[in-house]
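Undergrad: Quick one, upload_30.cif (mmCIF, C-alpha atoms and all ligand atoms):
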data_start
loop_
_atom_site.label_atom_id
_atom_site.label_comp_id
_atom_site.auth_asym_id
_atom_site.auth_seq_id
_atom_site.Cartn_x
_atom_site.Cartn_y
_atom_site.Cartn_z
CA MET A 1 0.00 0.00 0.00
CA GLU A 2 2.84 2.35 0.97
CA TYR A 3 4.43 1.59 -2.42
CA PHE A 4 1.31 2.76 -4.34
CA LYS A 5 1.15 5.94 -2.28
CA TRP A 6 4.66 6.80 -3.43
CA ILE A 7 3.81 6.08 -7.07
CA ILE A 8 0.84 8.47 -6.80
CA VAL A 9 3.04 11.15 -5.20
CA VAL A 10 5.61 10.78 -8.00
CA ILE A 11 2.92 10.93 -10.73
CA LEU A 12 1.41 14.06 -9.14
CA ALA A 13 4.84 15.68 -8.87
CA ILE A 14 5.61 14.97 -12.55
CA GLY A 15 2.16 16.31 -13.58
CA LEU A 16 2.57 19.49 -11.54
CA THR A 17 6.07 20.16 -12.88
CA THR A 18 4.87 19.66 -16.47
CA ALA A 19 1.92 22.03 -15.87
CA LEU A 20 4.22 24.67 -14.41
CA VAL A 21 6.69 24.37 -17.30
CA ILE A 22 3.88 24.59 -19.89
CA SER A 23 2.28 27.59 -18.18
CA TYR A 24 5.67 29.32 -17.96
CA PHE A 25 6.43 28.96 -21.65
CA SER A 26 2.89 29.47 -22.98
CA SER A 27 2.39 32.75 -21.10
CA ASN A 28 5.76 34.01 -22.20
CA ALA A 29 5.18 36.86 -24.63
CA LEU A 30 2.29 39.13 -23.58
CA THR A 31 2.29 41.00 -26.84
CA VAL A 32 4.35 42.25 -29.73
CA PHE A 33 4.29 45.60 -31.41
CA SER A 34 6.53 47.86 -33.44
CA GLN A 35 7.76 51.16 -32.14
CA ASP A 36 8.66 52.26 -35.66
CA GLU A 37 9.93 50.61 -38.84
CA TYR A 38 13.19 49.62 -37.19
CA ASN A 39 12.50 48.42 -33.68
CA ILE A 40 10.25 45.73 -32.31
CA ILE A 41 9.34 45.55 -28.65
CA LYS A 42 8.12 42.39 -26.99
CA ILE A 43 6.63 42.37 -23.53
CA TYR A 44 7.28 39.12 -21.73
CA LYS A 45 5.87 38.12 -18.39
CA ASP A 46 8.28 40.25 -16.36
CA LYS A 47 10.59 41.88 -18.89
CA ILE A 48 10.64 43.99 -22.03
CA ILE A 49 12.97 43.16 -24.89
CA LEU A 50 13.83 45.53 -27.70
CA TYR A 51 14.86 43.94 -31.01
CA ASP A 52 16.22 45.55 -34.16
CA SER A 53 14.69 44.93 -37.59
CA GLU A 54 16.82 41.78 -37.98
CA GLY A 55 15.55 40.34 -34.72
CA LYS A 56 18.75 40.99 -32.81
CA GLU A 57 18.29 41.76 -29.11
CA MET A 58 19.24 45.39 -28.52
CA ASP A 59 18.17 45.93 -24.94
CA ILE A 60 16.41 44.11 -22.15
CA CYS A 61 14.67 45.68 -19.18
CA ASN A 62 13.26 43.92 -16.14
CA ILE A 63 9.83 45.08 -14.98
CA ASN A 64 10.42 43.51 -11.51
CA ASN A 65 6.82 42.26 -11.51
CA LYS A 66 4.45 40.71 -14.02
CA ALA A 67 3.03 42.95 -16.78
CA MET A 68 -0.77 43.03 -16.38
CA ASP A 69 -1.63 45.58 -19.08
CA TYR A 70 0.16 48.07 -21.31
CA ALA A 71 -0.47 51.14 -23.45
CA ILE A 72 1.63 53.24 -25.80
CA GLY A 73 1.45 56.98 -26.25
CA ASP A 74 3.53 60.13 -26.37
CA VAL A 75 3.03 61.22 -22.77
CA ASN A 76 5.71 63.97 -22.71
CA GLY A 77 5.16 65.61 -26.10
CA ASP A 78 8.58 64.80 -27.62
CA ASP A 79 6.92 63.11 -30.64
CA PHE A 80 8.15 59.66 -29.57
CA GLU A 81 5.87 57.11 -27.99
CA GLU A 82 6.49 55.86 -24.50
CA LEU A 83 5.45 52.47 -23.17
CA ILE A 84 3.23 52.42 -20.08
CA ILE A 85 2.94 49.20 -18.11
CA LEU A 86 0.70 48.21 -15.23
CA THR A 87 2.44 45.59 -13.11
CA LYS A 88 0.90 42.96 -10.91
CA ARG A 89 2.28 41.11 -7.91
CA GLY A 90 1.83 37.36 -7.61
CA PHE A 91 -1.75 36.15 -7.79
CA LYS A 92 -3.42 39.44 -6.82
CA THR A 93 -6.62 40.45 -8.64
CA TYR A 94 -5.56 44.06 -9.16
CA GLY A 95 -2.35 45.63 -10.37
CA SER A 96 0.31 47.39 -8.37
CA GLU A 97 2.66 49.83 -10.13
CA VAL A 98 2.37 52.10 -13.17
CA VAL A 99 5.72 52.26 -14.98
CA VAL A 100 6.62 54.45 -17.96
CA PHE A 101 9.50 53.55 -20.28
CA LYS A 102 11.23 55.75 -22.83
CA LEU A 103 11.98 53.80 -26.00
CA ASP A 104 14.75 54.53 -28.47
CA SER A 105 17.81 52.39 -29.07
CA ARG A 106 17.42 51.44 -25.40
CA ILE A 107 14.58 50.98 -22.93
CA THR A 108 14.80 53.48 -20.08
CA GLU A 109 12.44 53.55 -17.11
CA ILE A 110 11.42 57.17 -16.50
CA TYR A 111 8.62 56.76 -13.97
CA ARG A 112 7.37 54.20 -11.48
CA GLU A 113 4.72 54.61 -8.82
CA ASP A 114 2.66 52.31 -6.63
CA PHE A 115 -1.05 52.60 -7.49
CA SER A 116 -2.17 49.53 -5.55
CA ASP A 117 -4.35 51.59 -3.15
CA LEU A 118 -6.61 52.39 -6.13
CA ASN A 119 -7.07 48.74 -7.23
CA PRO A 120 -5.83 49.41 -10.78
CA TRP A 121 -6.91 46.94 -13.51
CA LYS A 122 -6.05 48.78 -16.72
CA VAL A 123 -3.81 51.40 -18.33
CA ALA A 124 -4.65 53.29 -21.52
CA ALA A 125 -3.35 56.38 -23.31
CA GLY A 126 -5.06 59.02 -25.40
CA ASP A 127 -5.00 62.73 -26.13
CA VAL A 128 -8.42 63.67 -24.78
CA ASP A 129 -7.88 67.45 -24.85
CA GLY A 130 -6.12 67.66 -28.24
CA ASP A 131 -2.91 69.40 -27.05
CA GLY A 132 -0.75 66.82 -28.86
CA ILE A 133 0.29 65.05 -25.64
CA ASP A 134 -1.30 61.79 -24.56
CA GLU A 135 -2.93 61.56 -21.18
CA ILE A 136 -2.56 58.33 -19.20
CA SER A 137 -5.68 56.65 -17.92
CA VAL A 138 -5.64 54.19 -15.05
CA GLY A 139 -8.77 52.09 -14.71
CA VAL A 140 -9.39 51.74 -10.98
CA PHE A 141 -11.90 49.98 -8.75
CA LYS A 142 -12.79 52.24 -5.85
CA LYS A 143 -15.07 54.76 -4.20
CA THR A 144 -14.81 58.49 -4.80
CA PRO A 145 -15.69 61.24 -2.26
CA LEU A 146 -18.98 61.86 -4.11
CA TYR A 147 -19.82 58.22 -4.87
CA GLN A 148 -19.36 55.95 -1.89
CA VAL A 149 -19.72 52.75 -3.89
CA MET A 150 -16.89 50.52 -5.06
CA ASP A 151 -16.99 50.68 -8.84
CA LYS A 152 -14.84 50.67 -11.95
CA ARG A 153 -13.76 54.21 -12.80
CA PRO A 154 -11.48 55.56 -15.52
CA PHE A 155 -9.09 58.02 -13.84
CA ILE A 156 -7.13 60.39 -16.11
CA TYR A 157 -3.60 61.63 -15.39
CA TYR A 158 -1.02 63.71 -17.20
CA TYR A 159 2.73 63.24 -17.08
CA LYS A 160 4.66 66.31 -15.98
CA ASP A 161 8.04 66.82 -14.26
CA ASN A 162 8.49 63.04 -14.00
CA ARG A 163 5.21 62.62 -12.15
CA LEU A 164 1.65 61.59 -12.96
CA LEU A 165 -0.72 64.34 -11.93
CA PRO A 166 -4.49 63.84 -11.76
CA LYS A 167 -6.53 65.48 -14.51
CA TRP A 168 -9.83 63.80 -13.79
CA ARG A 169 -10.72 61.37 -11.05
CA GLY A 170 -14.41 61.69 -11.51
CA SER A 171 -17.36 59.45 -11.10
CA ARG A 172 -18.50 56.61 -13.25
CA LEU A 173 -19.50 56.71 -16.89
CA SER A 174 -23.20 57.03 -17.69
CA LYS A 175 -23.80 53.27 -17.32
CA PRO A 176 -21.88 50.35 -15.83
CA PHE A 177 -19.00 49.52 -18.16
CA ASP A 178 -16.81 46.50 -18.87
CA ASP A 179 -13.86 48.12 -20.61
CA TYR A 180 -12.74 51.34 -22.31
CA ASP A 181 -10.01 52.85 -24.45
CA PHE A 182 -9.28 56.05 -26.39
CA PHE A 183 -9.57 56.77 -30.09
CA ASP A 184 -10.30 59.78 -32.30
CA ILE A 185 -13.52 58.41 -33.75
CA ASP A 186 -14.68 61.61 -35.52
CA GLY A 187 -11.30 62.93 -36.75
CA ASP A 188 -11.27 66.18 -34.74
CA ALA A 189 -7.72 65.50 -33.38
CA MET A 190 -9.07 64.74 -29.91
CA ASP A 191 -9.42 61.19 -28.64
CA GLU A 192 -12.84 60.15 -27.45
CA LEU A 193 -13.25 57.76 -24.53
CA ILE A 194 -14.85 54.63 -26.00
CA SER A 195 -16.50 52.15 -23.66
CA ILE A 196 -18.41 48.90 -23.63
CA GLU A 197 -21.46 49.61 -21.46
CA VAL A 198 -24.22 47.46 -20.06
CA LEU A 199 -27.89 48.40 -20.50
CA GLN A 200 -30.50 47.61 -17.84
CA ASN A 201 -31.73 44.68 -19.94
CA GLY A 202 -28.22 43.20 -19.91
CA LYS A 203 -27.49 43.98 -23.57
CA LYS A 204 -24.38 45.95 -24.42
CA VAL A 205 -23.57 49.07 -26.41
CA ILE A 206 -20.48 51.00 -27.47
CA ASN A 207 -20.63 54.46 -25.96
CA THR A 208 -18.32 57.43 -26.58
CA TYR A 209 -17.47 60.56 -24.60
CA LYS A 210 -15.73 63.83 -25.35
CA TRP A 211 -13.51 65.72 -22.94
CA ARG A 212 -15.09 69.08 -22.08
CA GLY A 213 -12.41 70.74 -19.97
CA PHE A 214 -13.93 69.60 -16.68
CA GLY A 215 -14.92 66.04 -17.44
CA PHE A 216 -16.41 63.75 -20.05
CA GLU A 217 -19.67 64.47 -21.85
CA GLY A 218 -21.64 61.72 -23.59
CA PHE A 219 -21.20 61.78 -27.39
CA LEU A 220 -22.58 58.90 -29.48
CA GLN A 221 -23.88 55.48 -28.62
CA SER A 222 -24.19 52.43 -30.88
CA GLU A 223 -27.18 50.11 -31.19
CA SER A 224 -27.29 47.30 -28.64
CA PHE A 225 -26.05 43.72 -28.99
CA GLU A 226 -26.35 40.55 -26.91
CA ASP A 227 -22.73 40.98 -25.88
CA ILE A 228 -19.67 43.02 -26.85
CA LYS A 229 -16.16 41.93 -25.89
CA ASP A 230 -12.45 42.43 -26.67
CA LEU A 231 -12.31 46.20 -27.22
CA LYS A 232 -8.99 46.90 -28.92
CA VAL A 233 -7.55 49.96 -30.63
CA ARG A 234 -5.18 48.73 -33.33
CA ASP A 235 -3.99 49.86 -36.76
CA SER A 236 -6.06 53.05 -36.57
CA SER A 237 -9.31 51.18 -35.91
CA VAL A 238 -11.42 50.21 -32.91
CA PHE A 239 -12.04 46.46 -32.96
CA ILE A 240 -14.67 44.62 -30.94
CA THR A 241 -16.13 41.13 -30.80
CA VAL A 242 -19.90 41.20 -31.23
CA VAL A 243 -22.10 38.39 -29.95
CA GLU A 244 -25.57 38.06 -31.46
CA LYS A 245 -28.07 35.21 -31.32
CA GLU A 246 -27.02 34.23 -34.86
CA GLY A 247 -23.33 34.08 -34.03
CA ILE A 248 -20.14 35.87 -33.15
CA TYR A 249 -18.20 38.21 -35.40
CA GLN A 250 -15.47 40.82 -35.31
CA GLY A 251 -16.61 44.40 -35.79
CA ILE A 252 -15.05 47.82 -36.29
CA VAL A 253 -16.53 50.88 -34.62
CA ASN A 254 -17.04 53.62 -37.23
CA PHE A 255 -18.32 57.18 -37.22
CA GLU A 256 -20.65 57.63 -40.20
CA GLY A 257 -23.00 60.52 -40.80
CA ASP A 258 -23.09 61.58 -37.15
CA LYS A 259 -23.85 58.04 -36.05
CA LEU A 260 -21.80 55.31 -34.39
CA LYS A 261 -21.93 52.23 -36.61
CA ILE A 262 -20.57 48.76 -36.04
CA GLU A 263 -19.17 47.41 -39.30
CA ARG A 264 -18.94 43.66 -39.50
CA VAL A 265 -15.47 42.59 -40.70
CA ASN A 266 -15.49 38.81 -40.35
CA SER A 267 -17.09 35.85 -38.65
CA LYS A 268 -15.36 34.11 -35.79
CA CA A 301 7.28 60.95 -25.79
CA CA A 302 -3.50 65.86 -24.08
CA CA A 303 -12.31 63.05 -31.75
#
Starting from the file, lay out its structure as structure tokens.

TA:
Amino acid sequence: MEYFKWIIVVILAIGLTTALVISYFSSNALTVFSQDEYNIIKIYKDKIILYDSEGKEMDICNINNKAMDYAIGDVNGDDFEELIILTKRGFKTYGSEVVVFKLDSRITEIYREDFSDLNPWKVAAGDVDGDGIDEISVGVFKKTPLYQVMDKRPFIYYYKDNRLLPKWRGSRLSKPFDDYDFFDIDGDAMDELISIEVLQNGKKVINTYKWRGFGFEGFLQSESFEDIKDLKVRDSSVFITVVEKEGIYQGIVNFEGDKLKIERVNSK
């Protein structure tokens, strides 16, 4: 009997080791994107690696924690994009630090601050006021002085003198929301806040907001769908996954004739 116990222990140990090895390698690269024609940046679990156009490693930078989310934007107005990373410690639900990296032929950390008191779950970047410099948004889960309910809120900061200063730490959006990002949907050189929001009947819409100097004002809202997921701003378009009774497809959010339209691009 003792013998079988040991066999089981050994089998479990082998299984666990294999699972850990697989999870380590499969979750390796978080994402890949190009800074410009020459450099490619890959974000791994806990480090950033800069490659040249031939795939040669040019620089490596440790994040010191896991990368939970990232955004790119020119946060200091020098016409080069910085990389913003939200880190996460261990198995925590929410993130911990917001880190900004300058990217050229090297990766240089220019800012790091602990945001864990705010329960951060997202970082995004966008120029909401149209001054040519991207604001940094940290999606938080907390109360505000005016709204004593724990809720998801998109806080807006601007980067100045090596610090992130609050621009807007207001209330919620007009409805409960799942996710948000920034994109200039109407081509007026100011990024709108674009969110996936939940209607009272449980259906979802894409909603947009414009910055009005003191806060965000509702702009345009799409028709409703059974579900909307995977909001992503990429290649100068806003992509979403739309779920309808008939099936699932990928859509692009477009501004057409003063309306917000969801254009179907392919089936999933
Ligand atoms: Ca910059
Ligand atoms: Ca701005
Ligand atoms: Ca705009």

Undergrad: From the list A:Tyr3, A:Phe225, A:Phe183, A:Phe115, which residue is nearest Phe239 of chain A when using all atoms listed in the file?

TA: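 Ranked by minimum distance to Phe239 of chain A, first place goes to A:Phe183.
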
Undergrad: Return as JSON, numbers by chain the residues of protein, DNA or RNA that approach ligand CA 302 (chain A) to within 9 Å, with all atoms listed in the file taken into account.

TA: {"A": [75, 77, 126, 127, 128, 129, 130, 131, 132, 133, 134, 135, 158, 190, 191]}

Undergrad: Which residues are near Asp46 of chain A? Cut-off 9 Å, all atoms listed in the file, ignore same chain within fewer than 3 positions. Put them as a list of chain:residue names.

TA: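 Surrounding residues, per the criterion: A:Asn28, A:Ile43, A:Cys61, A:Asn62, A:Ile63, A:Asn64, A:Asn65, A:Lys66, A:Ala67, A:Thr87.
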
Undergrad: Grab the residues selected above and save them as a PDB file, keeping the file's coordinate frame with C-alpha atoms.

TA:
ATOM      1  CA  ASN A  28       5.760  34.010 -22.200  1.00  0.00           C
ATOM      2  CA  ILE A  43       6.630  42.370 -23.530  1.00  0.00           C
ATOM      3  CA  CYS A  61      14.670  45.680 -19.180  1.00  0.00           C
ATOM      4  CA  ASN A  62      13.260  43.920 -16.140  1.00  0.00           C
ATOM      5  CA  ILE A  63       9.830  45.080 -14.980  1.00  0.00           C
ATOM      6  CA  ASN A  64      10.420  43.510 -11.510  1.00  0.00           C
ATOM      7  CA  ASN A  65       6.820  42.260 -11.510  1.00  0.00           C
ATOM      8  CA  LYS A  66       4.450  40.710 -14.020  1.00  0.00           C
ATOM      9  CA  ALA A  67       3.030  42.950 -16.780  1.00  0.00           C
ATOM     10  CA  THR A  87       2.440  45.590 -13.110  1.00  0.00           C
TER      11      THR A  87
END

Undergrad: Please report, as CSV, each residue of chain A lying at most 8 Å from ligand CA 301 (chain A), together with the nearest pair of atoms and the separation in Å rounded to one decimal; use all atoms listed in the file, and order rows by chain and ascending residue number.

TA:
residue,atom,partner,partner_atom,distance
A:Gly73,CA,A:CA301,CA,7.1
A:Asp74,CA,A:CA301,CA,3.9
A:Val75,CA,A:CA301,CA,5.2
A:Asn76,CA,A:CA301,CA,4.6
A:Gly77,CA,A:CA301,CA,5.1
A:Asp78,CA,A:CA301,CA,4.5
A:Asp79,CA,A:CA301,CA,5.3
A:Phe80,CA,A:CA301,CA,4.1
A:Glu81,CA,A:CA301,CA,4.6
A:Glu82,CA,A:CA301,CA,5.3
A:Lys102,CA,A:CA301,CA,7.2

Undergrad: Using all atoms listed in the file, can you tell me which of A:Ser222, A:Thr108, A:Asn266, A:Thr93 comes closest to Val253 of chain A?

TA: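 Selected residue with least distance to Val253 of chain A: A:Ser222.
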
Undergrad: Could you pull out every residue with an atom within 10 Å of (-14.5, 66.0, -14.8), file coordinates, counting all atoms listed in the file, and send them as a count of residues only?

TA: 14

Undergrad: Could the residues that lie within 7 Å of ligand CA 303 (chain A), counting all atoms listed in the file, be listed as a list in words?

TA: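 Here is the list of contacting residues: Asp184, Ile185, Asp186, Gly187, Asp188, Ala189, Met190, Asp191 and Glu192 of chain A.
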
Undergrad: Write the selection just made, keeping C-alpha atoms, as a PDB file, in the coordinates of the input?

TA:
ATOM      1  CA  ASP A 184     -10.300  59.780 -32.300  1.00  0.00           C
ATOM      2  CA  ILE A 185     -13.520  58.410 -33.750  1.00  0.00           C
ATOM      3  CA  ASP A 186     -14.680  61.610 -35.520  1.00  0.00           C
ATOM      4  CA  GLY A 187     -11.300  62.930 -36.750  1.00  0.00           C
ATOM      5  CA  ASP A 188     -11.270  66.180 -34.740  1.00  0.00           C
ATOM      6  CA  ALA A 189      -7.720  65.500 -33.380  1.00  0.00           C
ATOM      7  CA  MET A 190      -9.070  64.740 -29.910  1.00  0.00           C
ATOM      8  CA  ASP A 191      -9.420  61.190 -28.640  1.00  0.00           C
ATOM      9  CA  GLU A 192     -12.840  60.150 -27.450  1.00  0.00           C
TER      10      GLU A 192
END

Undergrad: Taking 6 positions as the minimum chain separation for residues in the same chain, which residues sit within 7 Å of Tyr70 of chain A when counting only C-alpha atoms? Answer as a PyMOL selection string.

TA: chain A and resi 84-86+123

Undergrad: Calculate how many Å separate atom CA of Gly251 of chain A from atom CA of Lys175 of chain A, rounding to one decimal.

TA: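 Between atom CA of Gly251 of chain A and atom CA of Lys175 of chain A the gap works out to 21.7 Å.
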
Undergrad: What is the atom CA of Glu113 of chain A-atom CA of Ile48 of chain A distance in Å, reported with one decimal?

TA: 18.0 Å

Undergrad: Give the answer as one residue: which of A:Lys47, A:Lys204, A:Lys245, A:Lys5 has the shortest atom-to-atom distance to Ile107 of chain A, using only C-alpha atoms?

TA: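 That would be A:Lys47, the residue with the smallest distance to Ile107 of chain A.
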